[in-house]
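**Student:** Sending over protein_16.cif (mmCIF, C-alpha atoms).
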```
data_structure
#
loop_
_atom_site.group_PDB
_atom_site.id
_atom_site.type_symbol
_atom_site.label_atom_id
_atom_site.label_comp_id
_atom_site.auth_asym_id
_atom_site.auth_seq_id
_atom_site.Cartn_x
_atom_site.Cartn_y
_atom_site.Cartn_z
ATOM 1 C CA PRO A 1 46.369 81.852 160.238
ATOM 2 C CA GLU A 2 47.500 82.898 156.777
ATOM 3 C CA TRP A 3 44.974 85.777 156.625
ATOM 4 C CA ILE A 4 46.852 87.575 159.420
ATOM 5 C CA THR A 5 49.952 89.234 158.033
ATOM 6 C CA GLU A 6 52.115 92.105 159.227
ATOM 7 C CA SER A 7 50.181 94.509 157.043
ATOM 8 C CA THR A 8 46.712 93.664 158.376
ATOM 9 C CA PRO A 9 45.029 95.926 160.936
ATOM 10 C CA LEU A 10 44.440 92.900 163.181
ATOM 11 C CA PHE A 11 48.171 92.153 163.350
ATOM 12 C CA ARG A 12 49.020 95.818 164.048
ATOM 13 C CA GLU A 13 46.353 95.899 166.757
ATOM 14 C CA TYR A 14 47.884 92.802 168.348
ATOM 15 C CA MET A 15 51.379 94.328 168.221
ATOM 16 C CA HIS A 16 50.149 97.590 169.750
ATOM 17 C CA ILE A 17 48.423 95.794 172.607
ATOM 18 C CA LEU A 18 51.505 93.637 173.149
ATOM 19 C CA SER A 19 53.714 96.742 173.335
ATOM 20 C CA LEU A 20 51.419 98.235 175.973
ATOM 21 C CA CYS A 21 51.482 94.999 177.988
ATOM 22 C CA ASP A 22 55.298 94.926 177.800
ATOM 23 C CA ALA A 23 55.494 98.499 179.070
ATOM 24 C CA LEU A 24 53.022 98.007 181.906
ATOM 25 C CA ALA A 25 54.650 94.740 182.980
ATOM 26 C CA PHE A 26 58.108 96.329 183.113
ATOM 27 C CA TYR A 27 56.802 99.375 184.988
ATOM 28 C CA ALA A 28 56.484 97.404 188.241
ATOM 29 C CA SER A 29 60.074 96.194 187.912
ATOM 30 C CA TRP A 30 61.281 99.726 187.155
ATOM 31 C CA ALA A 31 59.451 101.152 190.189
ATOM 32 C CA GLU A 32 60.909 98.477 192.445
ATOM 33 C CA THR A 33 64.415 99.213 191.175
ATOM 34 C CA VAL A 34 64.046 102.960 191.731
ATOM 35 C CA CYS A 35 62.581 102.553 195.232
ATOM 36 C CA ARG A 36 65.175 100.077 196.479
ATOM 37 C CA GLN A 37 67.446 101.861 198.955
ATOM 38 C CA PRO A 38 71.173 101.049 198.944
ATOM 39 C CA THR A 39 72.895 100.421 202.289
ATOM 40 C CA ASP A 40 76.511 101.247 201.422
ATOM 41 C CA LYS A 41 78.600 103.093 198.795
ATOM 42 C CA LEU A 42 79.131 100.050 196.560
ATOM 43 C CA GLN A 43 75.427 99.274 196.598
ATOM 44 C CA SER A 44 74.750 102.951 195.944
ATOM 45 C CA PHE A 45 76.855 102.892 192.769
ATOM 46 C CA GLU A 46 75.233 99.631 191.627
ATOM 47 C CA HIS A 47 71.775 100.993 192.447
ATOM 48 C CA LYS A 48 72.423 104.118 190.397
ATOM 49 C CA GLN A 49 73.542 102.070 187.397
ATOM 50 C CA ARG A 50 70.598 99.648 187.685
ATOM 51 C CA THR A 51 68.214 102.595 187.957
ATOM 52 C CA ILE A 52 69.696 104.273 184.876
ATOM 53 C CA ASP A 53 69.518 101.036 182.876
ATOM 54 C CA ALA A 54 65.947 100.330 183.974
ATOM 55 C CA THR A 55 64.939 103.924 183.222
ATOM 56 C CA VAL A 56 66.346 103.778 179.698
ATOM 57 C CA ARG A 57 64.446 100.541 179.063
ATOM 58 C CA MET A 58 61.257 101.874 180.651
ATOM 59 C CA GLU A 59 61.361 105.025 178.553
ATOM 60 C CA GLN A 60 61.901 102.973 175.380
ATOM 61 C CA LEU A 61 58.888 100.786 176.156
ATOM 62 C CA LEU A 62 56.592 103.707 176.960
ATOM 63 C CA ARG A 63 57.704 105.709 173.934
ATOM 64 C CA ARG A 64 57.157 102.662 171.726
ATOM 65 C CA VAL A 65 53.498 102.837 172.716
ATOM 66 C CA LEU A 66 53.215 106.580 172.086
ATOM 67 C CA ASP A 67 55.375 106.878 168.971
ATOM 68 C CA VAL A 68 53.333 104.441 166.870
ATOM 69 C CA ASP A 69 50.001 106.267 167.182
ATOM 70 C CA TRP A 70 48.863 103.471 169.493
ATOM 71 C CA LEU A 71 45.619 101.962 168.203
ATOM 72 C CA GLY A 72 45.278 105.033 166.005
ATOM 73 C CA THR A 73 43.695 105.426 162.610
ATOM 74 C CA HIS A 74 46.088 103.092 160.784
ATOM 75 C CA VAL A 75 44.866 100.219 162.977
ATOM 76 C CA GLN A 76 41.201 101.156 163.197
ATOM 77 C CA ASP A 77 38.838 100.015 160.514
ATOM 78 C CA GLY A 78 35.478 98.370 160.632
ATOM 79 C CA GLU A 79 33.251 97.542 163.537
ATOM 80 C CA ASP A 80 35.969 97.341 166.223
ATOM 81 C CA CYS A 81 36.773 101.036 165.795
ATOM 82 C CA THR A 82 34.735 102.167 168.834
ATOM 83 C CA GLU A 83 36.362 99.627 171.150
ATOM 84 C CA LEU A 84 39.823 100.646 169.956
ATOM 85 C CA GLN A 85 38.996 104.311 170.513
ATOM 86 C CA LYS A 86 37.921 103.499 174.065
ATOM 87 C CA LEU A 87 41.185 101.626 174.691
ATOM 88 C CA ARG A 88 43.171 104.527 173.241
ATOM 89 C CA LEU A 89 41.272 107.027 175.407
ATOM 90 C CA LEU A 90 41.968 104.923 178.487
ATOM 91 C CA TYR A 91 45.610 103.969 177.953
ATOM 92 C CA VAL A 92 47.303 106.761 175.962
ATOM 93 C CA PRO A 93 46.904 109.321 178.775
ATOM 94 C CA GLU A 94 48.046 106.716 181.301
ATOM 95 C CA VAL A 95 51.216 106.070 179.299
ATOM 96 C CA VAL A 96 51.841 109.824 179.001
ATOM 97 C CA PHE A 97 51.549 110.256 182.774
ATOM 98 C CA ARG A 98 53.777 107.263 183.455
ATOM 99 C CA LEU A 99 56.419 108.485 181.010
ATOM 100 C CA HIS A 100 56.456 111.875 182.693
ATOM 101 C CA GLY A 101 56.773 110.174 186.079
ATOM 102 C CA VAL A 102 59.665 108.028 184.878
ATOM 103 C CA LEU A 103 61.535 111.032 183.520
ATOM 104 C CA TYR A 104 60.772 113.351 186.424
ATOM 105 C CA GLU A 105 61.423 110.854 189.226
ATOM 106 C CA THR A 106 64.811 109.861 187.801
ATOM 107 C CA ARG A 107 66.089 113.433 187.375
ATOM 108 C CA ASP A 108 68.687 112.872 190.111
ATOM 109 C CA PHE A 109 70.025 109.765 188.353
ATOM 110 C CA VAL A 110 69.784 111.139 184.799
ATOM 111 C CA PRO A 111 69.854 114.952 185.034
ATOM 112 C CA GLN A 112 68.754 115.502 181.416
ATOM 113 C CA ASN A 113 65.507 113.649 182.183
ATOM 114 C CA LEU A 114 64.150 116.762 183.887
ATOM 115 C CA ALA A 115 64.345 118.778 180.664
ATOM 116 C CA ARG A 116 63.056 115.781 178.725
ATOM 117 C CA SER A 117 60.006 115.592 181.011
ATOM 118 C CA LEU A 118 59.223 119.179 180.025
ATOM 119 C CA GLU A 119 59.781 118.424 176.327
ATOM 120 C CA MET A 120 56.845 116.023 176.499
ATOM 121 C CA ALA A 121 54.614 119.068 175.939
ATOM 122 C CA GLN A 122 55.793 119.124 172.320
ATOM 123 C CA MET A 123 55.002 115.444 171.840
ATOM 124 C CA VAL A 124 51.533 115.844 173.332
ATOM 125 C CA ALA A 125 50.720 119.068 171.466
ATOM 126 C CA GLY A 126 51.879 117.835 168.065
ATOM 127 C CA ASP A 127 49.231 117.065 165.477
ATOM 128 C CA GLY A 128 51.068 113.990 164.197
ATOM 129 C CA LEU A 129 50.053 111.605 166.982
ATOM 130 C CA GLY A 130 47.062 113.546 168.291
ATOM 131 C CA ILE A 131 47.862 112.713 171.904
ATOM 132 C CA TYR A 132 46.323 115.979 173.099
ATOM 133 C CA ARG A 133 42.969 114.751 171.826
ATOM 134 C CA GLU A 134 42.972 111.833 174.259
ATOM 135 C CA LEU A 135 44.032 114.102 177.120
ATOM 136 C CA ALA A 136 41.309 116.629 176.334
ATOM 137 C CA GLN A 137 38.591 113.988 175.870
ATOM 138 C CA LYS A 138 36.016 113.884 178.637
ATOM 139 C CA SER A 139 35.086 110.544 180.158
ATOM 140 C CA PRO A 140 33.050 109.288 183.123
ATOM 141 C CA MET A 141 36.254 108.934 185.151
ATOM 142 C CA HIS A 142 37.599 112.315 184.020
ATOM 143 C CA PRO A 143 34.655 114.636 183.322
ATOM 144 C CA ASN A 144 36.982 117.537 182.461
ATOM 145 C CA GLY A 145 39.535 115.476 180.556
ATOM 146 C CA ARG A 146 43.132 115.069 181.656
ATOM 147 C CA LEU A 147 44.782 117.981 179.888
ATOM 148 C CA VAL A 148 44.719 120.139 183.026
ATOM 149 C CA ALA A 149 46.473 117.388 184.986
ATOM 150 C CA PHE A 150 49.091 117.100 182.237
ATOM 151 C CA MET A 151 49.660 120.853 182.300
ATOM 152 C CA ALA A 152 50.167 120.612 186.077
ATOM 153 C CA LEU A 153 52.946 118.085 185.416
ATOM 154 C CA MET A 154 54.520 120.451 182.894
ATOM 155 C CA ARG A 155 54.370 123.255 185.469
ATOM 156 C CA LYS A 156 55.975 120.960 188.067
ATOM 157 C CA SER A 157 58.819 120.142 185.646
ATOM 158 C CA ALA A 158 59.278 123.805 184.693
ATOM 159 C CA PHE A 159 59.487 124.957 188.307
ATOM 160 C CA GLU A 160 61.930 122.188 189.174
ATOM 161 C CA LEU A 161 64.083 123.044 186.149
ATOM 162 C CA LEU A 162 64.126 126.701 187.200
ATOM 163 C CA ARG A 163 65.037 125.685 190.767
ATOM 164 C CA VAL A 164 67.908 123.507 189.521
ATOM 165 C CA GLN A 165 69.199 126.257 187.221
ATOM 166 C CA GLU A 166 68.968 128.835 189.994
ATOM 167 C CA SER A 167 70.758 126.520 192.399
ATOM 168 C CA ALA A 168 73.492 125.892 189.830
ATOM 169 C CA SER A 169 73.988 129.619 189.258
ATOM 170 C CA ASP A 170 74.105 130.244 193.042
ATOM 171 C CA ASN A 171 76.806 127.570 193.411
ATOM 172 C CA ARG A 172 79.100 129.140 190.839
ATOM 173 C CA VAL A 173 82.090 130.816 192.365
ATOM 174 C CA ALA A 174 82.379 134.483 191.445
ATOM 175 C CA PRO A 175 85.754 135.369 189.917
ATOM 176 C CA VAL A 176 88.052 137.342 192.222
#
```
What is this file in structure tokens?
**Tutor:**
Amino acid sequence: PEWITESTPLFREYMHILSLCDALAFYASWAETVCRQPTDKLQSFEHKQRTIDATVRMEQLLRRVLDVDWLGTHVQDGEDCTELQKLRLLYVPEVVFRLHGVLYETRDFVPQNLARSLEMAQMVAGDGLGIYRELAQKSPMHPNGRLVAFMALMRKSAFELLRVQESASDNRVAPV
């Protein structure tokens, strides 16, 4: 209809929900690609490249959801505000956890993803998108919120990064 334009909250809401659906639909394909085990060296090389490509796409889709203040204040107005807040509370933390999983689980394919998984703390803590609010929010499914679980993921990434750095320094050959 002509009353729905790109600048209307209804259109932005539709685009936000569509971006979430795109990300969640591709997630299954990404997971299948990552889990597929190659049987020989040629397949191993192809698998690595397919995994890297799928990971780049998956990260783009998940970040598209988070970077636009998904169903945030610029979409919310009027009577649907409460429903949109409930959707945001439900799906923003889920996207954060999936993005961390994508980055962390592909650290062997894309080594910089390990550091990037740890950098998510900045994205979550920043006031601009207010993601920490959704993680801290209590709900019937998560009576204490999900911030503690997110911090556990940050700790996991930090310890793995330290392990990798320690391993790299142990593997350096001392000059003779």
**Student:** I need the residue set behind the PyMOL selection byres ((chain A and resi 29-33) around 8) for this file; please write it as an mmCIF file with C-alpha atoms, in the frame of the given file.
**Tutor:**
```
data_model
loop_
_atom_site.group_PDB
_atom_site.id
_atom_site.type_symbol
_atom_site.label_atom_id
_atom_site.label_comp_id
_atom_site.auth_asym_id
_atom_site.auth_seq_id
_atom_site.Cartn_x
_atom_site.Cartn_y
_atom_site.Cartn_z
ATOM 1 C CA ALA A 25 54.650 94.740 182.980
ATOM 2 C CA PHE A 26 58.108 96.329 183.113
ATOM 3 C CA TYR A 27 56.802 99.375 184.988
ATOM 4 C CA ALA A 28 56.484 97.404 188.241
ATOM 5 C CA VAL A 34 64.046 102.960 191.731
ATOM 6 C CA CYS A 35 62.581 102.553 195.232
ATOM 7 C CA ARG A 36 65.175 100.077 196.479
ATOM 8 C CA HIS A 47 71.775 100.993 192.447
ATOM 9 C CA ARG A 50 70.598 99.648 187.685
ATOM 10 C CA THR A 51 68.214 102.595 187.957
ATOM 11 C CA ALA A 54 65.947 100.330 183.974
ATOM 12 C CA THR A 55 64.939 103.924 183.222
ATOM 13 C CA MET A 58 61.257 101.874 180.651
#
```
**Student:** Would you mind reading off the distance between CA of Leu62 in chain A and CA of Phe45 in chain A, one decimal, in Å?
**Tutor:** 25.7 Å
**Student:** Anything within 12 Å of (49.9, 119.3, 172.1): list those residues as a compact mmCIF listing (two decimals) with C-alpha atoms, in the coordinates of the input, counting all atoms listed in the file and sticking to the file's coordinates.
**Tutor:**
```txt
# COMPACT_ATOMS: atom_id res chain seq x y z
CA VAL A 96 51.84 109.82 179.00
CA GLU A 119 59.78 118.42 176.33
CA MET A 120 56.84 116.02 176.50
CA ALA A 121 54.61 119.07 175.94
CA GLN A 122 55.79 119.12 172.32
CA MET A 123 55.00 115.44 171.84
CA VAL A 124 51.53 115.84 173.33
CA ALA A 125 50.72 119.07 171.47
CA GLY A 126 51.88 117.84 168.06
CA ASP A 127 49.23 117.06 165.48
CA GLY A 128 51.07 113.99 164.20
CA LEU A 129 50.05 111.60 166.98
CA GLY A 130 47.06 113.55 168.29
CA ILE A 131 47.86 112.71 171.90
CA TYR A 132 46.32 115.98 173.10
CA ARG A 133 42.97 114.75 171.83
CA GLU A 134 42.97 111.83 174.26
CA LEU A 135 44.03 114.10 177.12
CA ALA A 136 41.31 116.63 176.33
CA LEU A 147 44.78 117.98 179.89
CA PHE A 150 49.09 117.10 182.24
CA MET A 151 49.66 120.85 182.30
CA MET A 154 54.52 120.45 182.89
```
**Student:** Evaluate the PyMOL selection byres ((chain A and resi 64-68) around 8) on the structure here and hand back the selected residues as a PyMOL selection string.
**Tutor:** chain A and resi 16+19-20+23+60-63+69-70+92+95-96+129
**Student:** For a quick check of understanding, using only C-alpha atoms, which of A:Gln112, A:Asn144, A:Gln137, A:Gln43 has the smallest distance to Val164 in chain A?
**Tutor:**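 Closest to Val164 in chain A, using only C-alpha atoms: A:Gln112.
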**Student:** For CA of Ile52 in chain A and CA of Ala152 in chain A, determine how far apart the two atoms are, in Å to one decimal place.
**Tutor:**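 So the two atoms, CA of Ile52 in chain A and CA of Ala152 in chain A, lie 25.5 Å apart.
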**Student:** Draw an axis-aligned box over all listed atoms of range 96-101 of chain A, pad each side with 5 Å, and write its centre and edge lengths in Å, one decimal, as AutoDock Vina command-line options.
**Tutor:**
```
--center_x 54.2 --center_y 109.6 --center_z 182.5 --size_x 15.2 --size_y 14.6 --size_z 17.1
```
**Student:** I need the residue nearest Leu71 in chain A from this list: A:Glu13, A:Glu94, A:Glu46, A:Asp53. Use all atoms listed in the file for the distance.
**Tutor:**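 Smallest distance to Leu71 in chain A is found for A:Glu13.
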**Student:** Can you work out the spacing between CA of Glu105 in chain A and CA of Lys138 in chain A in Å, to one decimal?
**Tutor:** 27.7 Å
**Student:** Check the smallest atom-to-atom distance from each of A:Thr8, A:Ser44, A:Ser167, A:Ser157 to Arg107 in chain A using all atoms listed in the file, then report the winner.
**Tutor:**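 Looking only at the distances to Arg107 in chain A, the closest residue turns out to be A:Ser157.
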**Student:** Which of these, A:Val148, A:Leu161, A:Met141, A:Cys21, has the shortest distance to Asp108 in chain A once you count all atoms listed in the file?
**Tutor:**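 Among the listed residues, A:Leu161 lies closest to Asp108 in chain A.
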**Student:** Point out the residue among A:Leu89, A:Val56, A:Leu10, A:Leu42 with the least atom-to-atom distance to Asn113 in chain A, counting only C-alpha atoms.
**Tutor:** A:Val56
